[in-house]
>>> print(open('upload-v8.cif').read())   # mmCIF, C-alpha atoms
data_structure
#
loop_
_atom_site.label_atom_id
_atom_site.label_comp_id
_atom_site.auth_asym_id
_atom_site.auth_seq_id
_atom_site.Cartn_x
_atom_site.Cartn_y
_atom_site.Cartn_z
CA MET L 1 0.00 0.00 0.00
CA ASN L 2 1.31 3.44 -0.92
CA LYS L 3 2.27 5.84 1.80
CA GLN L 4 0.54 9.10 0.85
CA VAL L 5 2.69 12.25 0.81
CA SER L 6 0.92 15.36 2.05
CA ASP L 7 1.06 18.90 0.68
CA GLN L 8 2.97 19.96 3.80
CA THR L 9 5.59 17.29 3.24
CA LEU L 10 6.02 18.35 -0.38
CA ALA L 11 6.31 22.00 0.64
CA SER L 12 8.83 21.08 3.29
CA GLU L 13 10.89 19.11 0.77
CA VAL L 14 10.79 22.04 -1.67
CA ARG L 15 12.12 24.37 1.04
CA LYS L 16 14.99 21.95 1.60
CA LEU L 17 16.01 22.02 -2.06
CA PRO L 18 19.58 23.28 -2.40
CA LYS L 19 19.92 26.80 -3.75
CA ASP L 20 23.20 25.90 -5.42
CA MET L 21 24.31 23.21 -7.83
CA GLN L 22 27.81 22.80 -9.16
CA PRO L 23 28.12 22.40 -12.94
CA GLN L 24 30.40 19.55 -13.93
CA ARG L 25 32.55 21.59 -16.32
CA ASP L 26 34.18 24.95 -15.90
CA LEU L 27 31.83 27.38 -17.63
CA TRP L 28 33.93 30.54 -17.27
CA PRO L 29 36.37 30.08 -20.23
CA GLY L 30 33.43 29.87 -22.66
CA ILE L 31 31.78 32.92 -21.12
CA GLU L 32 35.03 34.88 -21.26
CA ARG L 33 35.54 34.02 -24.96
CA ALA L 34 31.97 35.02 -25.82
CA ILE L 35 32.29 38.33 -23.97
CA GLN L 36 35.54 39.22 -25.71
CA HIS L 37 34.11 38.25 -29.08
CA LYS L 38 31.06 40.46 -28.50
CA ASN L 39 33.23 43.38 -27.34
CA GLN L 40 35.30 43.12 -30.52
CA ARG L 41 32.14 43.04 -32.64
CA VAL L 42 30.80 46.15 -30.92
CA GLN L 43 34.07 48.04 -31.50
CA HIS L 44 34.13 46.92 -35.15
CA THR L 45 30.53 48.05 -35.67
CA ASP L 46 31.24 51.46 -34.10
CA LYS L 47 34.16 52.02 -36.44
CA GLN L 48 32.24 50.88 -39.47
CA GLN L 49 29.53 53.41 -38.61
CA SER L 50 32.09 56.26 -38.44
CA LEU L 51 33.61 55.53 -41.84
CA PRO L 52 30.75 56.01 -44.33
CA PRO L 53 30.84 59.87 -44.25
CA MET L 54 34.43 59.80 -45.48
CA ALA L 55 33.59 57.16 -48.05
CA TRP L 56 30.75 59.38 -49.26
CA ALA L 57 33.06 62.39 -49.47
CA ALA L 58 35.60 60.43 -51.50
CA SER L 59 32.90 59.11 -53.83
CA ILE L 60 31.41 62.58 -54.38
CA ILE L 61 34.81 64.06 -55.21
CA ALA L 62 35.53 61.23 -57.62
CA ALA L 63 32.13 61.71 -59.32
CA VAL L 64 32.59 65.49 -59.59
CA LEU L 65 36.01 65.00 -61.11
CA VAL L 66 34.83 62.49 -63.67
CA ALA L 67 31.99 64.84 -64.64
CA TRP L 68 34.35 67.80 -64.81
CA ILE L 69 36.94 66.10 -66.94
CA SER L 70 34.34 64.57 -69.25
CA PHE L 71 32.13 67.60 -69.88
CA ALA L 72 34.02 70.77 -69.04
CA PRO L 73 35.45 72.53 -72.07
CA THR L 74 39.11 73.37 -71.86
CA SER L 75 40.19 77.02 -71.93
CA THR L 76 41.97 76.51 -75.26
CA ASN L 77 38.68 75.48 -76.90
CA ILE L 78 36.75 78.50 -75.68
CA THR L 79 39.19 81.36 -75.96
CA PRO L 80 41.89 80.50 -78.43
CA ASP L 81 42.00 84.03 -79.66
CA LEU L 82 41.73 85.76 -76.34
CA VAL L 83 44.99 84.53 -74.90
CA SER L 84 46.99 87.65 -74.37
CA ASN L 85 50.09 88.68 -72.52
CA HIS L 86 47.89 89.59 -69.63
CA SER L 87 46.36 86.13 -69.40
CA GLU L 88 49.78 84.49 -69.74
CA GLN L 89 50.90 86.50 -66.76
CA ALA L 90 47.80 85.42 -64.84
CA ALA L 91 48.48 81.78 -65.74
CA LEU L 92 52.00 82.14 -64.42
CA ASN L 93 50.65 83.56 -61.16
CA SER L 94 48.14 80.71 -60.89
CA ASP L 95 50.93 78.20 -61.47
CA VAL L 96 52.77 79.69 -58.52
CA LEU L 97 49.58 79.54 -56.47
CA VAL L 98 49.00 75.84 -57.32
CA LYS L 99 52.60 74.99 -56.45
CA ALA L 100 52.29 76.87 -53.17
CA MET L 101 49.08 74.95 -52.36
CA GLN L 102 50.78 71.64 -53.17
CA THR L 103 53.81 72.47 -51.03
CA ASN L 104 51.64 73.62 -48.16
CA PHE L 105 49.54 70.47 -48.36
CA GLN L 106 52.57 68.16 -48.43
CA GLN L 107 54.04 69.96 -45.42
CA GLN L 108 50.79 69.61 -43.45
CA LYS L 109 50.48 65.94 -44.38
CA GLN L 110 54.07 65.16 -43.40
CA ALA L 111 53.74 67.09 -40.14
CA MET L 112 50.60 65.12 -39.33
CA LEU L 113 52.21 61.75 -40.10
CA VAL L 114 55.31 62.62 -38.09
CA SER L 115 53.20 63.68 -35.11
CA TYR L 116 51.43 60.28 -35.31
CA GLY L 117 54.80 58.49 -35.37
CA LYS L 118 54.91 57.78 -39.11
CA PRO L 119 52.40 54.90 -39.30
CA ASP L 120 52.88 52.07 -41.74
CA MET L 121 49.86 52.72 -43.97
CA SER L 122 50.06 49.27 -45.56
CA ASN L 123 48.80 47.81 -42.26
CA LEU L 124 45.47 49.59 -42.62
CA PRO L 125 42.43 47.59 -43.77
CA VAL L 126 42.20 47.48 -47.56
CA THR L 127 38.95 49.53 -47.67
CA MET L 128 40.65 52.43 -45.88
CA GLN L 129 43.72 52.22 -48.05
CA ASN L 130 41.38 52.39 -51.05
CA GLN L 131 39.69 55.53 -49.72
CA LEU L 132 43.01 57.24 -49.16
CA GLU L 133 44.15 56.15 -52.61
CA GLU L 134 40.94 57.50 -54.21
CA LEU L 135 41.40 60.90 -52.58
CA ALA L 136 45.07 61.04 -53.56
CA GLN L 137 44.17 60.06 -57.12
CA ALA L 138 41.46 62.76 -57.22
CA ARG L 139 43.94 65.38 -56.01
CA LYS L 140 46.49 64.38 -58.67
CA THR L 141 43.86 64.55 -61.39
CA ILE L 142 42.86 68.08 -60.33
CA GLU L 143 46.50 69.14 -60.27
CA LYS L 144 46.88 67.75 -63.79
CA ALA L 145 43.76 69.61 -64.95
CA LEU L 146 45.08 72.82 -63.42
CA LYS L 147 48.22 72.57 -65.53
CA ALA L 148 46.02 72.92 -68.59
CA ASP L 149 43.68 75.49 -67.08
CA ALA L 150 45.61 77.28 -64.37
CA ASN L 151 43.17 80.21 -64.05
CA ASN L 152 40.16 78.08 -63.26
CA VAL L 153 38.92 79.18 -59.86
CA ASP L 154 36.54 76.20 -59.53
CA LEU L 155 39.41 73.77 -60.04
CA LEU L 156 41.51 75.63 -57.49
CA ASN L 157 38.68 75.41 -54.97
CA LEU L 158 38.23 71.72 -55.75
CA LEU L 159 41.93 71.13 -55.16
CA ARG L 160 41.78 72.90 -51.83
CA PHE L 161 38.69 70.90 -50.84
CA THR L 162 40.28 67.58 -51.86
CA GLN L 163 43.47 68.31 -49.96
CA GLN L 164 41.44 69.13 -46.86
CA GLN L 165 39.41 65.93 -47.20
CA GLU L 166 42.61 63.91 -47.41
CA LEU L 167 43.95 65.55 -44.26
CA ASN L 168 40.62 65.00 -42.48
CA LEU L 169 40.60 61.32 -43.43
CA LEU L 170 44.14 60.88 -42.12
CA GLN L 171 43.10 62.57 -38.92
CA GLN L 172 40.10 60.23 -38.50
CA LEU L 173 42.06 57.10 -39.28
CA TYR L 174 44.68 57.75 -36.61
CA PRO L 175 42.65 56.55 -33.58
CA TYR L 176 41.42 53.56 -35.59
CA MET L 177 44.96 52.54 -36.47
CA ASN L 178 46.05 53.08 -32.90
CA ASN L 179 43.24 50.92 -31.45
CA ASN L 180 43.94 48.07 -33.79
CA ASN L 181 47.59 47.91 -32.90
CA VAL L 182 48.88 48.95 -36.30
CA HIS L 183 52.63 48.88 -36.16
CA TRP L 184 54.26 52.30 -36.24
CA GLN L 185 57.62 52.95 -37.73
CA SER L 186 60.15 54.57 -35.46
CA ILE L 187 61.36 58.00 -36.54
CA MET X 1 24.07 38.80 20.51
CA ASN X 2 27.71 39.22 19.50
CA ASN X 3 27.35 36.44 16.95
CA ALA X 4 24.35 38.22 15.43
CA LYS X 5 26.37 41.41 15.11
CA VAL X 6 29.24 39.53 13.47
CA ILE X 7 26.84 37.94 11.00
CA ASP X 8 25.22 41.31 10.22
CA ALA X 9 28.62 42.94 9.69
CA ASN X 10 29.68 40.07 7.45
CA LYS X 11 26.48 40.40 5.37
CA LEU X 12 27.05 44.13 5.11
CA PHE X 13 30.62 43.60 3.97
CA VAL X 14 29.61 40.99 1.39
CA SER X 15 26.85 43.26 0.10
CA ALA X 16 29.18 46.28 -0.16
CA GLN X 17 31.80 44.16 -1.92
CA GLU X 18 29.20 42.85 -4.38
CA GLN X 19 28.00 46.39 -5.08
CA GLU X 20 31.58 47.38 -5.82
CA TRP X 21 31.95 44.47 -8.25
CA ILE X 22 28.66 45.40 -9.94
CA THR X 23 29.80 49.02 -10.39
CA GLN X 24 33.17 47.92 -11.78
CA ALA X 25 31.53 45.37 -14.11
CA GLN X 26 29.17 48.09 -15.35
CA GLN X 27 32.28 50.10 -16.24
CA GLY X 28 33.67 47.14 -18.22
CA SER X 29 35.82 45.28 -15.69
CA GLN X 30 35.93 41.59 -16.58
CA ILE X 31 37.76 40.83 -13.33
CA ALA X 32 34.86 42.21 -11.29
CA PHE X 33 32.43 40.36 -13.54
CA HIS X 34 34.33 37.13 -12.89
CA GLN X 35 33.89 37.70 -9.15
CA LEU X 36 30.14 38.07 -9.69
CA TYR X 37 30.20 34.86 -11.73
CA GLN X 38 32.05 33.03 -8.96
CA ARG X 39 29.48 34.14 -6.44
CA HIS X 40 26.31 33.46 -8.43
CA HIS X 41 26.93 30.80 -11.05
CA ARG X 42 25.90 27.86 -8.87
CA GLN X 43 22.50 29.41 -8.16
CA VAL X 44 22.03 30.30 -11.80
CA TYR X 45 23.01 26.78 -12.83
CA ALA X 46 20.57 25.27 -10.29
CA LEU X 47 17.70 27.29 -11.75
CA CYS X 48 18.72 26.40 -15.32
CA TRP X 49 18.97 22.72 -14.39
CA ARG X 50 15.58 22.63 -12.69
CA MET X 51 13.83 24.40 -15.55
CA LEU X 52 15.54 22.46 -18.34
CA ALA X 53 16.01 19.08 -16.62
CA ASP X 54 19.09 18.43 -18.69
CA LYS X 55 22.69 18.82 -17.56
CA ASP X 56 24.25 19.78 -20.89
CA SER X 57 21.53 22.27 -21.80
CA ALA X 58 21.70 23.75 -18.31
CA GLU X 59 25.45 24.30 -18.63
CA ASP X 60 25.09 25.91 -22.07
CA VAL X 61 22.23 28.16 -20.97
CA CYS X 62 24.05 29.09 -17.76
CA GLN X 63 26.90 30.37 -19.95
CA GLU X 64 24.40 32.24 -22.11
CA VAL X 65 22.90 33.84 -18.99
CA PHE X 66 26.27 35.32 -18.02
CA VAL X 67 26.95 36.56 -21.55
CA VAL X 68 23.54 38.27 -21.53
CA LEU X 69 24.28 39.57 -18.04
CA TRP X 70 27.52 41.17 -19.29
CA GLN X 71 25.55 42.99 -21.98
CA LYS X 72 22.67 44.02 -19.71
CA ILE X 73 24.43 44.70 -16.42
CA THR X 74 24.25 48.45 -16.98
CA ASN X 75 20.46 48.06 -16.81
CA PHE X 76 20.72 47.01 -13.15
CA ARG X 77 19.75 50.09 -11.13
CA GLY X 78 19.82 48.51 -7.67
CA GLU X 79 16.04 48.74 -7.25
CA SER X 80 15.97 45.08 -6.20
CA LYS X 81 18.56 42.66 -4.88
CA PHE X 82 21.10 41.72 -7.52
CA SER X 83 20.42 38.00 -7.01
CA THR X 84 16.67 38.60 -7.57
CA TRP X 85 17.35 40.53 -10.74
CA LEU X 86 19.80 37.87 -11.92
CA HIS X 87 17.22 35.14 -11.35
CA SER X 88 14.71 37.02 -13.48
CA VAL X 89 17.34 37.38 -16.24
CA THR X 90 18.02 33.65 -15.93
CA SER X 91 14.33 32.70 -16.17
CA ASN X 92 13.93 34.81 -19.30
CA VAL X 93 17.03 33.36 -20.97
CA VAL X 94 15.91 29.79 -20.18
CA LEU X 95 12.41 30.40 -21.53
CA SER X 96 13.86 32.02 -24.64
CA HIS X 97 16.12 28.97 -25.09
CA ILE X 98 13.14 26.62 -24.77
CA ARG X 99 11.17 28.61 -27.34
CA LYS X 100 14.10 28.48 -29.78
CA GLN X 101 14.37 24.72 -29.38
CA LYS X 102 10.77 24.13 -30.39
CA ASN X 103 9.75 23.90 -33.99
CA TRP X 104 6.99 25.95 -35.57
CA PHE X 105 4.32 23.26 -35.14
CA GLN X 106 5.08 22.75 -31.46
CA ARG X 107 5.02 26.50 -30.84
CA VAL X 108 1.70 27.07 -32.56
CA PHE X 109 -0.13 24.14 -31.00
CA SER X 110 1.69 24.10 -27.62
CA ILE X 111 2.31 20.39 -27.89
CA GLU X 112 4.26 18.83 -25.10
CA GLU X 113 6.66 16.13 -26.11
CA GLN X 114 7.08 14.89 -22.58
CA THR X 115 3.64 13.81 -21.54
CA ASN X 116 4.22 10.49 -19.83
CA TYR X 117 5.56 10.73 -16.33
CA SER X 118 7.97 8.02 -15.28
CA LEU X 119 10.53 7.46 -12.60
CA PRO X 120 13.83 9.16 -13.33
CA ASP X 121 16.61 7.50 -15.22
CA GLU X 122 19.64 7.35 -12.95
CA ALA X 123 22.06 8.00 -15.80
CA ALA X 124 20.23 11.07 -17.02
CA VAL X 125 20.01 12.90 -13.71
CA GLU X 126 23.17 13.47 -11.73
CA LEU X 127 23.30 15.46 -8.54
CA ASP X 128 25.81 15.54 -5.71
CA ASP X 129 23.37 16.43 -2.98
CA SER X 130 21.94 14.29 -0.21
CA SER X 131 19.73 11.42 -1.29
CA GLU X 132 16.40 12.98 -0.19
CA LEU X 133 16.97 16.19 -2.10
CA GLU X 134 18.26 14.30 -5.10
CA VAL X 135 15.02 12.37 -5.15
CA LEU X 136 12.84 15.49 -5.24
CA ASP X 137 14.98 17.14 -7.90
CA LYS X 138 14.87 13.97 -9.95
CA HIS X 139 11.08 13.91 -9.67
CA ILE X 140 10.85 17.56 -10.70
CA ALA X 141 13.05 16.77 -13.69
CA GLN X 142 10.62 14.07 -14.78
CA LEU X 143 7.57 16.35 -14.79
CA PRO X 144 6.06 17.36 -18.13
CA GLU X 145 7.70 20.55 -19.37
CA ARG X 146 4.98 23.10 -18.66
CA ALA X 147 4.11 21.60 -15.29
CA ARG X 148 7.78 21.58 -14.39
CA LEU X 149 8.33 25.19 -15.44
CA VAL X 150 5.30 26.40 -13.51
CA PHE X 151 6.25 24.37 -10.44
CA VAL X 152 9.86 25.62 -10.41
CA LEU X 153 8.88 29.23 -11.00
CA PHE X 154 6.04 29.21 -8.45
CA ALA X 155 7.15 26.87 -5.68
CA VAL X 156 10.95 27.21 -5.88
CA GLU X 157 11.49 30.72 -7.26
CA GLY X 158 8.46 32.38 -5.69
CA TYR X 159 6.88 33.97 -8.79
CA ARG X 160 3.15 34.70 -8.76
CA HIS X 161 0.82 32.90 -11.15
CA GLU X 162 0.11 36.20 -12.94
CA GLU X 163 3.83 36.66 -13.63
CA ILE X 164 4.25 33.05 -14.71
CA ALA X 165 1.26 33.34 -17.03
CA THR X 166 2.92 36.32 -18.74
CA MET X 167 6.32 34.65 -18.94
CA LEU X 168 4.93 31.42 -20.39
CA SER X 169 2.26 33.08 -22.55
CA MET X 170 -0.58 31.19 -20.90
CA ALA X 171 -3.72 32.03 -18.95
CA VAL X 172 -3.45 32.47 -15.19
CA GLY X 173 -5.88 29.59 -14.77
CA SER X 174 -3.59 27.36 -16.87
CA SER X 175 -0.65 28.24 -14.67
CA LYS X 176 -2.63 27.27 -11.59
CA SER X 177 -3.83 24.01 -13.10
CA GLN X 178 -0.30 23.13 -14.26
CA TYR X 179 0.92 23.76 -10.73
CA HIS X 180 -1.81 21.52 -9.34
CA ARG X 181 -0.90 18.87 -11.85
CA ALA X 182 2.80 19.08 -10.92
CA ARG X 183 2.03 18.84 -7.24
CA THR X 184 -0.17 15.77 -7.71
CA LEU X 185 2.44 14.06 -9.85
CA LEU X 186 5.22 14.84 -7.40
CA LYS X 187 3.27 13.59 -4.40
CA GLN X 188 2.41 10.44 -6.29
CA ALA X 189 6.03 9.87 -7.27
CA MET X 190 7.27 10.53 -3.74
CA SER X 191 4.71 8.09 -2.35
CA GLU X 192 5.83 5.41 -4.77
CA ALA X 193 9.46 6.11 -3.94
CA ALA X 194 8.64 5.79 -0.24
CA VAL X 195 7.30 2.30 -0.84
CA VAL X 196 10.07 1.18 -3.17
CA GLY X 197 13.06 2.78 -1.52
CA GLY X 198 11.88 3.26 2.06
CA TYR X 199 11.53 7.00 1.59
CA ASP X 200 10.72 8.42 4.99
CA GLU X 201 8.12 11.15 5.20
#
>>> encode(input="upload-v8.cif", output="structure tokens")
Amino acid sequence: MNKQVSDQTLASEVRKLPKDMQPQRDLWPGIERAIQHKNQRVQHTDKQQSLPPMAWAASIIAAVLVAWISFAPTSTNITPDLVSNHSEQAALNSDVLVKAMQTNFQQQKQAMLVSYGKPDMSNLPVTMQNQLEELAQARKTIEKALKADANNVDLLNLLRFTQQQELNLLQQLYPYMNNNNVHWQSI
Amino acid sequence: MNNAKVIDANKLFVSAQEQEWITQAQQGSQIAFHQLYQRHHRQVYALCWRMLADKDSAEDVCQEVFVVLWQKITNFRGESKFSTWLHSVTSNVVLSHIRKQKNWFQRVFSIEEQTNYSLPDEAAVELDDSSELEVLDKHIAQLPERARLVFVLFAVEGYRHEEIATMLSMAVGSSKSQYHRARTLLKQAMSEAAVVGGYDE
């Protein structure tokens, strides 16, 4: 015959249940790995979210350049007969201005890289290297266009804008490179 | 009297130390978080084990609880005891795990796979506690899933039927009837065990 267990007995047994149980395996190493993995993913996501504005800027400059080079008439086509001594003098002055802008830009860029400890740019992720390369390429193309049309104020402004974008990008990439342990060359 | 004061002081010290670890963990200290793990993982594992009735799943979900805790610990405002808050996080993670394990058909029609109650399989249930407590835990583990979840949450963890009904997406009346069912099955199993193994009431 069964011995009936009462509600009180069951309640009493429930109260006696141990609060703790020991897992058979050590669970911490797995938890630690998962936490570190998630932290890395969060950092990666944050950085990815900060990059698109620069990518957009680079793309816009590239598109403007392509449009400019494709559709803009050159000064020789428009005013072949209007080139005078005066305009030659102006072109010479513009040449000097472009060279001064280039020198100034190179000095700023070098000063920035030296202050960062001359980073090895080849250690950057490929996407970032591509963005830097695109901006540099855009700048060179504008400089080339200015040789043919030295008086063009729009081109001069575009060159100044592109140079500034390149410097801004370098400035933004510095903390990223630093956080990801990119190796820095000693100076 | 002196002993009581010593115990109170000890509790106060432990509580202050835990608060310090919580604050540091909220600021990103994994060392402080490890201390919290060391203090609470056995309780979390016990709850996982009782709800899931499976050692391997309980270990996996216990790990998941602490990963979720790391992400959510900044949400802890100290409005309740940390252990209480952690148990509610644990219950939610376990229930979420159970939902993920079920297929679409089971979820829609609330079909229970484990409907036949039987005495526990010694190999499946392993506990290092005293024999009486092992027996009750083994019986709980053999309950049908919904009855087991309701019983653990109500009788062991102290949730109200209204809370359980919300957590398990069921009516309050269903929670009460599942609890009644669990109690009947447990008493029956304990009675049978008393006859077979000389279980002393």
>>> resolve_selection(input="upload-v8.cif", expression="the PyMOL selection byres ((chain L) within 6 of (chain X))", output="PDB file with C-alpha atoms, in the frame of the given file")
ATOM      1  CA  ASN L   2       1.310   3.440  -0.920  1.00  0.00           C
ATOM      2  CA  LYS L   3       2.270   5.840   1.800  1.00  0.00           C
ATOM      3  CA  GLN L   4       0.540   9.100   0.850  1.00  0.00           C
ATOM      4  CA  VAL L   5       2.690  12.250   0.810  1.00  0.00           C
ATOM      5  CA  LEU L  17      16.010  22.020  -2.060  1.00  0.00           C
ATOM      6  CA  LYS L  19      19.920  26.800  -3.750  1.00  0.00           C
ATOM      7  CA  ASP L  20      23.200  25.900  -5.420  1.00  0.00           C
ATOM      8  CA  MET L  21      24.310  23.210  -7.830  1.00  0.00           C
ATOM      9  CA  GLN L  22      27.810  22.800  -9.160  1.00  0.00           C
ATOM     10  CA  ILE L  31      31.780  32.920 -21.120  1.00  0.00           C
TER      11      ILE L  31
END
>>> atom_distance(input="upload-v8.cif", atom1="atom CA of L:Asn151", atom2="atom CA of L:Ser94")
5.9 Å
>>> atom_distance(input="upload-v8.cif", atom1="atom CA of L:Tyr116", atom2="atom CA of L:Gln172")
11.8 Å
>>> atom_distance(input="upload-v8.cif", atom1="atom CA of X:Ala165", atom2="atom CA of X:Leu185")
20.6 Å
>>> resolve_selection(input="upload-v8.cif", expression="the PyMOL selection byres ((chain L and resi 131) around 9)", output="list in words")
Met54, Ala55, Ala58, Ser59, Val126, Thr127, Met128, Gln129, Asn130, Leu132, Glu133, Glu134, Leu135, Ala136 and Leu169 of chain L
>>> residues_around(input="upload-v8.cif", residues="L:Ala145", least_positions_apart="4", cutoff="10 Å", atoms="all atoms listed in the file", output="PyMOL selection string")
chain L and resi 65+68-69+74+139-141+149-150+152+155-156
>>> resolve_selection(input="upload-v8.cif", expression="the PyMOL selection byres ((chain X and resi 32) around 12)", output="list in words")
Gln17, Glu18, Gln19, Glu20, Trp21, Ile22, Thr23, Gln24, Ala25, Gln26, Gln27, Gly28, Ser29, Gln30, Ile31, Phe33, His34, Gln35, Leu36, Tyr37, Gln38, Arg39, Trp70 and Ile73 of chain X
>>> decode(input="upload-v8.cif", residues="stretch 99-162 of chain L", atoms="C-alpha atoms", output="mmCIF file, in the first residue's frame")
data_model
loop_
_atom_site.group_PDB
_atom_site.id
_atom_site.type_symbol
_atom_site.label_atom_id
_atom_site.label_comp_id
_atom_site.auth_asym_id
_atom_site.auth_seq_id
_atom_site.Cartn_x
_atom_site.Cartn_y
_atom_site.Cartn_z
ATOM 1 C CA LYS L 99 52.598 74.989 -56.451
ATOM 2 C CA ALA L 100 52.289 76.870 -53.171
ATOM 3 C CA MET L 101 49.081 74.953 -52.365
ATOM 4 C CA GLN L 102 50.784 71.636 -53.172
ATOM 5 C CA THR L 103 53.815 72.473 -51.030
ATOM 6 C CA ASN L 104 51.639 73.622 -48.165
ATOM 7 C CA PHE L 105 49.536 70.466 -48.364
ATOM 8 C CA GLN L 106 52.566 68.156 -48.428
ATOM 9 C CA GLN L 107 54.042 69.958 -45.417
ATOM 10 C CA GLN L 108 50.794 69.608 -43.453
ATOM 11 C CA LYS L 109 50.483 65.942 -44.378
ATOM 12 C CA GLN L 110 54.066 65.160 -43.403
ATOM 13 C CA ALA L 111 53.743 67.087 -40.139
ATOM 14 C CA MET L 112 50.602 65.117 -39.327
ATOM 15 C CA LEU L 113 52.214 61.746 -40.098
ATOM 16 C CA VAL L 114 55.314 62.620 -38.088
ATOM 17 C CA SER L 115 53.198 63.678 -35.113
ATOM 18 C CA TYR L 116 51.434 60.283 -35.313
ATOM 19 C CA GLY L 117 54.803 58.493 -35.366
ATOM 20 C CA LYS L 118 54.910 57.776 -39.106
ATOM 21 C CA PRO L 119 52.401 54.904 -39.299
ATOM 22 C CA ASP L 120 52.884 52.075 -41.741
ATOM 23 C CA MET L 121 49.863 52.718 -43.972
ATOM 24 C CA SER L 122 50.061 49.268 -45.558
ATOM 25 C CA ASN L 123 48.805 47.810 -42.262
ATOM 26 C CA LEU L 124 45.474 49.593 -42.622
ATOM 27 C CA PRO L 125 42.425 47.595 -43.771
ATOM 28 C CA VAL L 126 42.198 47.477 -47.562
ATOM 29 C CA THR L 127 38.952 49.526 -47.670
ATOM 30 C CA MET L 128 40.648 52.426 -45.883
ATOM 31 C CA GLN L 129 43.719 52.221 -48.054
ATOM 32 C CA ASN L 130 41.383 52.395 -51.049
ATOM 33 C CA GLN L 131 39.689 55.530 -49.721
ATOM 34 C CA LEU L 132 43.012 57.242 -49.165
ATOM 35 C CA GLU L 133 44.152 56.145 -52.614
ATOM 36 C CA GLU L 134 40.941 57.500 -54.210
ATOM 37 C CA LEU L 135 41.398 60.899 -52.585
ATOM 38 C CA ALA L 136 45.071 61.040 -53.564
ATOM 39 C CA GLN L 137 44.171 60.062 -57.117
ATOM 40 C CA ALA L 138 41.460 62.757 -57.221
ATOM 41 C CA ARG L 139 43.943 65.376 -56.014
ATOM 42 C CA LYS L 140 46.492 64.376 -58.668
ATOM 43 C CA THR L 141 43.859 64.549 -61.387
ATOM 44 C CA ILE L 142 42.857 68.078 -60.326
ATOM 45 C CA GLU L 143 46.503 69.143 -60.272
ATOM 46 C CA LYS L 144 46.882 67.747 -63.789
ATOM 47 C CA ALA L 145 43.762 69.610 -64.955
ATOM 48 C CA LEU L 146 45.075 72.823 -63.416
ATOM 49 C CA LYS L 147 48.218 72.571 -65.525
ATOM 50 C CA ALA L 148 46.025 72.917 -68.594
ATOM 51 C CA ASP L 149 43.675 75.492 -67.076
ATOM 52 C CA ALA L 150 45.615 77.280 -64.373
ATOM 53 C CA ASN L 151 43.172 80.211 -64.051
ATOM 54 C CA ASN L 152 40.158 78.084 -63.265
ATOM 55 C CA VAL L 153 38.915 79.175 -59.859
ATOM 56 C CA ASP L 154 36.538 76.198 -59.533
ATOM 57 C CA LEU L 155 39.411 73.774 -60.040
ATOM 58 C CA LEU L 156 41.507 75.629 -57.490
ATOM 59 C CA ASN L 157 38.679 75.414 -54.971
ATOM 60 C CA LEU L 158 38.231 71.725 -55.750
ATOM 61 C CA LEU L 159 41.934 71.127 -55.159
ATOM 62 C CA ARG L 160 41.783 72.904 -51.828
ATOM 63 C CA PHE L 161 38.686 70.900 -50.843
ATOM 64 C CA THR L 162 40.278 67.578 -51.860
#
